[in-house]
Each structure stands twice: as C-alpha cells, then as structure tokens.
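One file, input.cif, carrying mmCIF, C-alpha atoms:
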data_protein
#
loop_
_atom_site.label_atom_id
_atom_site.label_comp_id
_atom_site.auth_asym_id
_atom_site.auth_seq_id
_atom_site.Cartn_x
_atom_site.Cartn_y
_atom_site.Cartn_z
CA MET D 1 67.52 -16.89 -0.70
CA ILE D 2 68.59 -13.60 0.83
CA GLY D 3 67.50 -11.92 -2.34
CA SER D 4 64.15 -13.62 -2.18
CA ARG D 5 63.54 -12.48 1.38
CA PHE D 6 64.51 -8.93 0.45
CA VAL D 7 62.09 -8.88 -2.45
CA ILE D 8 59.24 -10.07 -0.28
CA LEU D 9 60.06 -7.41 2.28
CA VAL D 10 60.17 -4.67 -0.34
CA ASN D 11 56.89 -5.79 -1.86
CA LEU D 12 55.18 -5.70 1.53
CA LEU D 13 56.57 -2.22 2.12
CA ILE D 14 55.31 -0.99 -1.21
CA PHE D 15 51.84 -2.35 -0.62
CA ALA D 16 51.82 -0.97 2.90
CA LEU D 17 52.49 2.44 1.47
CA ALA D 18 50.15 2.09 -1.43
CA ILE D 19 47.01 0.87 0.30
CA PRO D 20 46.28 4.03 2.31
CA ALA D 21 46.83 6.12 -0.76
CA MET D 22 44.35 4.13 -2.83
CA ALA D 23 41.63 3.72 -0.17
CA SER D 24 38.56 6.00 -0.19
CA PRO D 25 38.01 8.42 2.71
CA PRO D 26 36.53 6.90 5.86
CA ALA D 27 32.78 6.56 5.45
CA GLY D 28 31.83 8.23 8.70
CA THR D 29 29.32 7.10 11.26
CA ALA D 30 25.63 7.74 11.03
CA ASP D 31 24.26 10.13 13.60
CA THR D 32 20.82 9.97 15.17
CA ASP D 33 18.52 12.01 17.32
CA SER D 34 15.11 10.99 18.56
CA VAL D 35 11.80 12.28 19.80
CA GLU D 36 9.39 10.71 22.23
CA VAL D 37 5.67 10.98 21.57
CA THR D 38 2.85 11.02 24.08
CA VAL D 39 -0.85 11.17 23.37
CA GLU D 40 -3.63 11.69 25.84
CA ILE D 41 -6.92 10.31 24.65
CA PRO D 42 -9.86 11.31 26.83
CA ASP D 43 -13.31 9.79 27.00
CA PHE D 44 -14.98 10.58 23.73
CA LEU D 45 -18.68 11.08 23.47
CA VAL D 46 -19.51 13.11 20.42
CA VAL D 47 -22.91 13.61 18.88
CA ASP D 48 -23.45 15.79 15.85
CA TYR D 49 -26.62 16.67 13.97
CA THR D 50 -26.15 17.49 10.32
CA GLY D 51 -28.84 18.60 7.96
CA GLY D 52 -29.60 22.20 8.79
CA ASP D 53 -32.64 23.91 10.22
CA VAL D 54 -35.95 22.18 9.92
CA VAL D 55 -38.73 24.36 8.58
CA PHE D 56 -42.41 23.50 8.52
CA ASN D 57 -44.60 25.41 6.10
CA VAL D 58 -48.02 25.37 7.66
CA THR D 59 -51.10 25.17 5.50
CA GLU D 60 -54.69 25.91 6.27
CA ALA D 61 -55.41 22.21 6.28
CA ASP D 62 -52.65 21.68 8.81
CA ILE D 63 -54.27 24.12 11.20
CA ILE D 64 -57.64 22.55 10.80
CA GLU D 65 -56.22 19.09 11.32
CA GLY D 66 -53.96 20.16 14.17
CA SER D 67 -50.73 18.58 13.01
CA LEU D 68 -48.23 18.95 10.23
CA GLY D 69 -46.77 16.56 7.74
CA ILE D 70 -43.62 14.73 8.64
CA VAL D 71 -40.37 16.29 7.58
CA ASN D 72 -37.56 13.83 6.97
CA GLN D 73 -34.33 15.75 7.31
CA GLY D 74 -30.85 15.38 8.68
CA ASN D 75 -28.72 12.72 10.32
CA VAL D 76 -27.30 12.27 13.78
CA ASP D 77 -23.70 11.03 13.96
CA VAL D 78 -22.11 9.54 17.04
CA TRP D 79 -18.43 8.95 17.83
CA THR D 80 -17.50 7.34 21.11
CA ASN D 81 -14.72 5.30 22.63
CA ILE D 82 -16.61 4.39 25.78
CA GLN D 83 -19.87 2.58 26.29
CA PRO D 84 -22.68 2.25 27.23
CA TRP D 85 -24.15 5.57 26.25
CA GLU D 86 -27.43 7.26 25.59
CA ILE D 87 -28.69 10.21 23.60
CA ASN D 88 -31.26 12.60 24.96
CA VAL D 89 -33.00 15.30 23.01
CA THR D 90 -34.31 18.51 24.52
CA ARG D 91 -35.58 21.78 23.14
CA THR D 92 -35.97 25.35 24.24
CA ASN D 93 -39.34 26.99 24.71
CA TRP D 94 -41.03 28.12 21.56
CA VAL D 95 -40.51 31.74 20.72
CA GLN D 96 -42.63 33.76 18.34
CA THR D 97 -40.11 35.54 16.14
CA VAL D 98 -42.61 37.02 13.69
CA GLY D 99 -46.16 38.05 14.56
CA SER D 100 -47.90 39.02 17.74
CA GLY D 101 -50.44 37.80 20.22
CA TRP D 102 -48.55 34.68 21.28
CA PRO D 103 -49.03 33.90 24.95
CA GLY D 104 -45.83 32.03 24.87
CA ALA D 105 -44.43 28.69 25.92
CA PRO D 106 -44.29 26.69 28.02
CA THR D 107 -47.82 27.32 29.29
CA ARG D 108 -49.19 26.50 25.88
CA ASP D 109 -47.09 24.10 23.96
CA ILE D 110 -46.59 23.02 20.43
CA TRP D 111 -45.54 19.43 20.40
CA LEU D 112 -42.38 18.40 18.68
CA GLU D 113 -41.73 14.75 18.07
CA LEU D 114 -38.92 13.05 16.29
CA LYS D 115 -37.53 9.63 15.61
CA TRP D 116 -34.60 8.22 13.82
CA GLY D 117 -35.37 6.94 10.43
CA PRO D 118 -37.21 3.81 9.48
CA PRO D 119 -36.84 0.93 9.33
CA ASN D 120 -34.61 1.04 12.40
CA ASN D 121 -37.08 2.61 14.71
CA SER D 122 -40.75 3.41 14.63
CA ARG D 123 -41.11 5.05 18.01
CA TRP D 124 -41.96 8.73 18.03
CA TYR D 125 -40.18 10.60 20.82
CA LYS D 126 -41.73 13.70 22.31
CA VAL D 127 -39.09 16.35 22.76
CA GLU D 128 -39.47 18.24 26.00
CA THR D 129 -37.70 21.22 27.47
CA PHE D 130 -36.18 18.93 30.06
CA GLU D 131 -34.20 15.71 29.84
CA GLN D 132 -36.38 12.65 30.14
CA ASP D 133 -35.59 9.41 31.89
CA ASP D 134 -36.35 7.59 28.70
CA PRO D 135 -33.55 8.41 26.23
CA TRP D 136 -34.03 8.93 22.52
CA ALA D 137 -31.36 6.34 21.67
CA THR D 138 -28.90 4.07 23.45
CA GLY D 139 -25.72 2.24 22.52
CA THR D 140 -23.58 -0.52 24.00
CA SER D 141 -20.46 -0.42 21.86
CA VAL D 142 -17.75 2.01 20.81
CA GLY D 143 -17.14 3.38 17.38
CA TYR D 144 -18.98 5.49 14.86
CA TYR D 145 -22.70 5.36 14.32
CA THR D 146 -25.07 7.38 12.26
CA PHE D 147 -28.78 7.68 12.75
CA LEU D 148 -29.96 8.30 9.25
CA GLY D 149 -32.99 10.22 8.18
CA ILE D 150 -34.43 11.94 11.21
CA ASP D 151 -38.18 12.37 11.10
CA TRP D 152 -39.67 15.54 12.58
CA LYS D 153 -43.32 16.03 13.42
CA ILE D 154 -45.31 18.96 14.84
CA LYS D 155 -48.54 18.39 16.70
CA ARG D 156 -51.13 20.39 18.64
CA ILE D 157 -51.37 23.50 16.56
CA GLY D 158 -55.06 23.18 15.83
CA PHE D 159 -57.95 25.24 17.05
CA GLY D 160 -58.84 22.75 19.70
CA ASP D 161 -55.35 22.12 20.97
CA ALA D 162 -54.61 25.54 22.35
CA LEU D 163 -57.29 25.87 24.98
CA PRO D 164 -57.68 27.73 27.24
CA TYR D 165 -55.56 30.31 25.43
CA GLY D 166 -57.19 30.19 22.04
CA PRO D 167 -55.77 29.30 18.65
CA ILE D 168 -52.15 29.90 17.89
CA PRO D 169 -51.98 33.19 16.00
CA PRO D 170 -50.26 33.58 12.64
CA GLY D 171 -46.57 34.04 12.88
CA THR D 172 -43.25 32.31 12.93
CA TYR D 173 -42.30 30.13 15.87
CA GLU D 174 -38.89 28.79 16.62
CA CYS D 175 -37.16 26.56 19.11
CA ASP D 176 -33.67 25.12 19.37
CA VAL D 177 -33.22 21.38 19.61
CA THR D 178 -30.22 19.85 21.37
CA PHE D 179 -28.88 16.31 21.10
CA THR D 180 -26.86 15.23 24.12
CA ILE D 181 -24.86 12.03 24.46
CA SER D 182 -23.96 10.71 27.90
CA TYR D 183 -22.03 7.82 29.36
CA THR D 184 -24.32 5.59 31.38
CA GLY D 185 -21.79 3.17 32.88
CA ASN D 186 -20.40 3.22 36.37
CA MET E 187 67.14 -19.74 -8.74
CA ARG E 188 64.27 -19.24 -11.11
CA GLY E 189 62.06 -17.98 -8.29
CA THR E 190 64.76 -15.62 -7.11
CA SER E 191 65.17 -14.18 -10.59
CA VAL E 192 61.45 -13.52 -10.94
CA ALA E 193 61.36 -11.89 -7.53
CA CYS E 194 64.34 -9.68 -8.32
CA LEU E 195 62.78 -8.68 -11.61
CA SER E 196 59.50 -7.69 -9.98
CA THR E 197 61.39 -5.66 -7.43
CA VAL E 198 63.24 -3.79 -10.10
CA ILE E 199 59.99 -3.04 -11.91
CA LEU E 200 58.24 -1.88 -8.77
CA LEU E 201 61.15 0.25 -7.60
CA ALA E 202 61.51 1.76 -11.03
CA GLY E 203 57.83 2.70 -11.08
CA LEU E 204 57.59 3.98 -7.56
CA GLY E 205 61.11 5.35 -7.27
CA PRO E 206 60.10 8.97 -6.67
CA VAL E 207 58.11 8.05 -3.58
CA VAL E 208 60.68 5.88 -1.95
CA VAL E 209 62.08 7.79 0.99
CA TRP E 210 65.66 6.83 0.58
CA ALA E 211 65.62 7.85 -3.04
CA THR E 212 65.19 11.54 -2.23
CA ASP E 213 66.92 14.07 -0.10
CA SER E 214 64.48 16.53 1.35
CA ASN E 215 63.78 18.30 4.60
CA GLU E 216 60.14 18.95 3.79
CA PRO E 217 58.00 16.88 6.12
CA GLU E 218 55.10 15.09 4.52
CA LEU E 219 51.79 15.67 6.29
CA ALA E 220 48.92 13.32 5.99
CA MET E 221 45.44 13.83 7.38
CA ASP E 222 42.51 11.52 7.09
CA VAL E 223 39.28 13.49 7.08
CA PRO E 224 36.36 11.21 7.75
CA ALA E 225 32.87 11.82 6.55
CA VAL E 226 31.01 13.44 9.42
CA PHE E 227 27.24 13.57 9.84
CA VAL E 228 25.45 15.35 12.64
CA VAL E 229 21.71 15.60 13.10
CA SER E 230 19.89 17.33 15.90
CA LEU E 231 16.20 17.83 16.58
CA ASP E 232 14.90 21.02 18.12
CA VAL E 233 12.63 19.06 20.47
CA ASN E 234 12.83 15.59 21.94
CA GLN E 235 9.28 15.26 23.13
CA LEU E 236 5.95 15.76 21.42
CA GLU E 237 2.72 15.87 23.38
CA TYR E 238 -0.70 15.54 21.83
CA ASN E 239 -4.01 16.02 23.57
CA ALA E 240 -6.65 14.50 21.38
CA THR E 241 -9.79 16.57 21.06
CA GLU E 242 -13.29 15.65 20.01
CA GLN E 243 -12.66 17.23 16.64
CA ASN E 244 -9.50 15.13 16.34
CA LEU E 245 -11.62 12.09 16.96
CA VAL E 246 -14.09 13.08 14.28
CA ASP E 247 -11.24 13.85 11.88
CA GLY E 248 -9.47 10.58 12.75
CA GLU E 249 -6.17 12.28 13.49
CA THR E 250 -4.56 14.95 15.61
CA GLU E 251 -3.21 18.21 14.31
CA ALA E 252 0.38 18.00 13.14
CA GLN E 253 3.30 19.27 15.15
CA THR E 254 6.55 20.24 13.53
CA ILE E 255 10.02 19.27 14.57
CA ILE E 256 13.07 20.77 12.93
CA ALA E 257 15.95 18.47 12.05
CA THR E 258 19.23 20.26 11.49
CA VAL E 259 21.89 18.49 9.48
CA GLN E 260 25.60 19.23 9.39
CA ALA E 261 27.67 17.14 7.02
CA ASN E 262 30.87 17.37 5.01
CA SER E 263 29.70 15.02 2.28
CA ASN E 264 26.52 13.82 0.69
CA TRP E 265 23.96 12.52 3.13
CA VAL E 266 20.56 10.93 3.41
CA MET E 267 18.06 11.41 6.21
CA ASN E 268 16.10 8.40 7.38
CA ILE E 269 13.28 8.03 9.86
CA TYR E 270 12.15 4.96 11.75
CA GLY E 271 10.46 3.89 14.95
CA ASP E 272 12.20 2.10 17.79
CA SER E 273 9.23 -0.11 18.55
CA ALA E 274 6.38 -1.72 16.69
CA ILE E 275 3.85 -0.63 19.29
CA TRP E 276 3.08 2.10 21.77
CA THR E 277 2.72 1.59 25.46
CA GLY E 278 -0.78 2.38 26.64
CA PRO E 279 -4.25 0.95 27.03
CA TRP E 280 -3.77 -1.18 23.93
CA ASN E 281 -1.03 -2.04 21.46
CA LYS E 282 -1.44 0.99 19.27
CA PRO E 283 0.74 0.35 16.21
CA VAL E 284 3.74 2.42 15.18
CA GLY E 285 1.98 3.08 11.88
CA ASP E 286 -0.43 5.38 13.70
CA ILE E 287 2.40 7.90 13.74
CA LEU E 288 2.33 9.81 10.49
CA TRP E 289 5.22 11.90 9.20
CA SER E 290 5.71 14.36 6.43
CA VAL E 291 8.78 16.34 5.43
CA ASP E 292 8.60 19.82 3.99
CA GLY E 293 4.91 19.50 3.20
CA SER E 294 4.94 16.14 1.48
CA ALA E 295 2.11 13.64 1.89
CA PHE E 296 1.90 12.00 5.31
CA THR E 297 3.34 8.50 5.57
CA PRO E 298 2.91 5.91 8.35
CA LEU E 299 6.04 5.39 10.42
CA GLU E 300 7.69 1.97 10.32
CA THR E 301 10.36 0.24 12.35
CA GLY E 302 12.43 -0.10 9.19
CA THR E 303 14.29 2.93 7.95
CA MET E 304 12.52 5.12 5.46
CA GLN E 305 14.41 7.80 3.59
CA ILE E 306 13.04 11.25 4.18
CA THR E 307 15.33 13.41 2.15
CA SER E 308 18.94 13.90 1.13
CA GLY E 309 21.47 16.61 0.53
CA GLY E 310 25.05 17.65 0.04
CA PRO E 311 27.70 19.07 2.34
CA THR E 312 26.20 21.68 4.60
CA ALA E 313 27.00 23.69 7.68
CA GLY E 314 23.34 23.59 8.73
CA ASN E 315 20.43 22.35 6.65
CA ASN E 316 17.02 22.49 8.34
CA LYS E 317 14.26 20.07 7.48
CA ASN E 318 10.75 20.46 8.83
CA ILE E 319 9.23 17.15 9.81
CA ASP E 320 5.53 17.21 10.58
CA ILE E 321 4.24 14.55 12.92
CA LYS E 322 0.60 13.72 13.61
CA ILE E 323 -1.20 10.81 15.19
CA SER E 324 -3.87 8.72 13.56
CA LEU E 325 -6.85 8.00 15.79
CA ASP E 326 -9.20 5.06 15.54
CA ILE E 327 -12.37 5.43 17.53
CA THR E 328 -12.98 1.71 17.58
CA GLU E 329 -9.55 0.99 19.05
CA ASP E 330 -8.28 4.02 20.93
CA LEU E 331 -9.55 3.50 24.42
CA PRO E 332 -9.26 6.47 26.76
CA GLY E 333 -5.88 6.81 28.44
CA ASP E 334 -2.29 7.92 28.07
CA TYR E 335 -0.18 6.53 25.28
CA GLU E 336 3.59 6.79 24.95
CA TYR E 337 5.90 5.95 22.09
CA GLU E 338 9.69 5.75 22.33
CA ASN E 339 11.20 6.79 19.99
CA ILE E 340 10.89 8.30 16.59
CA VAL E 341 14.50 8.20 15.37
CA VAL E 342 15.89 10.52 12.74
CA GLU E 343 19.15 9.32 11.28
CA VAL E 344 21.63 10.96 8.93
CA SER E 345 24.23 8.84 7.18
CA ALA E 346 26.16 8.37 3.97
CA PRO E 347 23.98 7.55 0.95
#

Let me see the structure of the file written as structure tokens.
Amino acid sequence: MIGSRFVILVNLLIFALAIPAMASPPAGTADTDSVEVTVEIPDFLVVDYTGGDVVFNVTEADIIEGSLGIVNQGNVDVWTNIQPWEINVTRTNWVQTVGSGWPGAPTRDIWLELKWGPPNNSRWYKVETFEQDDPWATGTSVGYYTFLGIDWKIKRIGFGDALPYGPIPPGTYECDVTFTISYTGN
Amino acid sequence: MRGTSVACLSTVILLAGLGPVVVWATDSNEPELAMDVPAVFVVSLDVNQLEYNATEQNLVDGETEAQTIIATVQANSNWVMNIYGDSAIWTGPWNKPVGDILWSVDGSAFTPLETGTMQITSGGPTAGNNKNIDIKISLDITEDLPGDYEYENIVVEVSAP
C-alpha cells in the first residue's frame, strides 16, 4: 500500500511538471479603443434646377404673333427634411446682351411664364422680378421630389405689346431665373 | 498486490523516460529560469470623437464626407482587427440605426457598421502597424429630422485570430 501511494504521488508530480511544458502560450487579452460620433443635421431645404440654359429662337411669325412656342426643358429637384414648404420663382430684369436700341426693363417687360410639367399642373405662373405671395409650388411632406419637365413660355414681344416704347429691336435678351424654397411653418 | 505491481511498473517506466528532468537525478548549480510570455495586443485610435456637420450637398449625396481615424496596432503574435458598434441605435431626434455608420479600411468599399464584430483586417507581430479607417454617415432625407445625433461607440478591437 505504501508503494501504491508513492506511485500515485510520483505520477501527480510528473503530470504537474509536464502540463506547463506542453501547454501553448497564454492567448492574451483582446484590446479595444473606441470613438464617439456626433452628427449635426440642420434644416434642409434644397431646390435645384437641372437642364441648362433655356434658349428661345425667335422667328418672324413669333414677332407678329407676339409670343413664342413653349420650350419644355429641365427639371426642378427638391430635398427637404422639414415641411411645409413652398417654392417661389423670380427673375432679374431683362438685359440686351447683343444689339442696341433697347430701352430696357423693367419699364417695358417681356413676359416669362413657366409651369411644372403636365399632367401634374396646368397653371402658368408669371415670373416677376419680385417674390409673389402666390408660390409656384408647395409641399407638405419631407423627402425628395422632382418637378419634371418644366415648360417655359415667352409672351409680349409683338409689335403691339411694347407700347409706348415701340417694338422690341433685334438682339439677344437675357435674364436669370431663380428658384427659392422656403419653410412656411411656424 | 496486482494493483501495486502495475503501479510500480508504470512508475519505473515514467521515471526511466523522464529521468533527466527529475531534479534529484542531477547535480547542478545552474538555476532553471522559466518565463511565460503572453500574447499581447494593443490598439489605439488617434481620435476618440468624430464630428460631422451635414451640409446641403451631403443631403443631396445621401451621405457625409468621410473622416479618417488611424488605428495603431502593437502585437507580439498574429492578430485580427474587428469593428463593431456598442448600440443598435443613435440617440437623437429618431432612432437612427447603427448601419447608417459606414466604414472602410485602407480604401476598401464602405460597409455598414453592425453591433456584431466584423473583421477589418489582420496582421502579424508588429511594433506599430497603422490602419486607416474611413468613417462616413449615411443620410436619409425622409428620416433624418433636423437635430443633433450622437452615437457611442464605434469600437475597434484587436485580438488573437
């Protein structure tokens, strides 16, 4: 029995010595570092016209008739995260960039009208040099919208429209059009 | 008696095999030194806060510009780098999801962050390995009401493979 106890003791000793030698190196502890993120999101009201400059090529018949054909060109995109909103359209005074003899705007005006494309809307909107009470478009929800296919129309370029200053002389006339989106809530 | 004989026999076999390492079988003054060297992993980020101010162009693009954080790894064995988010949502005007945080490492494609660990990259023993992690925020105009949003935390972890 003494021998048996001794053997058990020796075996335990051997295994106690052997286990550390056979074990793999300690695995090590994972290390971490962290970063906090903050984002400030302001009120977004974005309106963007795409489609390039609109050019009317005036014919003799146009002058006689006093208005030009409709040009369908460009889109107006809206991004907003607040509502309600409205879009107003204004323009600068007409400027004669080529030619001479133009009395100049605003005393004698060429009319510019536009509307967003059918079939959504059929109302022609006269673009003035000032913001009107009646907006060009309104919205009551957030998100992305696009007003497809803007229609442009020029009126009052005929012989009879320009009184008392006389007919609009040959030349090139330009104005800049601005789309403005505004929040209309409290 | 039979059990004792078997035990004695096993002892003889074991002692015969391991004799050279048994202390009392040798006579030496040379001390034996033992040192356990654990695997060590250290990761540090050059910044611990990222601030984004969303612009109108960001809104149109649907995301902010990316900002870069540099993760430096020191390790004495092979390692993997993981990234995860501490929370499923941001705090702010609405429960903006963790997946609106997008990450990319060393120019890879951007990937939505998750609360589960996602392996970014890996490497071998190094005294200082830098990894550029680009972070940008996805914006959703239909969801992202105006206000301040905060997310704690993006965690970068380095561990054994």

Using the chain letters and residue numbers of this document, give as a VMD selection string the residues selected by the PyMOL selection byres ((chain E) within 6 of (chain D)). chain E and resid 190 193 197 224 to 228 230 234 to 240 327 to 328 331 to 345

Can you measure atom CA of Thr184 of chain D to atom CA of Glu329 of chain E for me? One decimal in Å is fine. 19.8 Å

Radius query 10 Å about (-54.2, 20.0, 12.1), atoms used: all atoms listed in the file, as a count of residues only: 20

Once the PyMOL selection byres ((chain E and resi 280) around 9) has been evaluated on this model, what residues remain selected, and can you format them as a PyMOL selection string? chain E and resi 275-279+281-282+329-331+335

List, as a short mmCIF file (atom, residue, chain, number, x, y, z; two decimals) with C-alpha atoms, in the frame of the given file, every residue that the PyMOL selection byres ((chain D and resi 175) around 7) selects in the file provided.
data_model
loop_
_atom_site.label_atom_id
_atom_site.label_comp_id
_atom_site.auth_asym_id
_atom_site.auth_seq_id
_atom_site.Cartn_x
_atom_site.Cartn_y
_atom_site.Cartn_z
CA ARG D 91 -35.58 21.78 23.14
CA THR D 92 -35.97 25.35 24.24
CA ASN D 93 -39.34 26.99 24.71
CA TRP D 94 -41.03 28.12 21.56
CA VAL D 95 -40.51 31.74 20.72
CA GLU D 174 -38.89 28.79 16.62
CA ASP D 176 -33.67 25.12 19.37
CA VAL D 177 -33.22 21.38 19.61
#

One decimal, in Å: what's the spacing between atom CA of Tyr270 of chain E and atom CA of Val223 of chain E? 28.8 Å
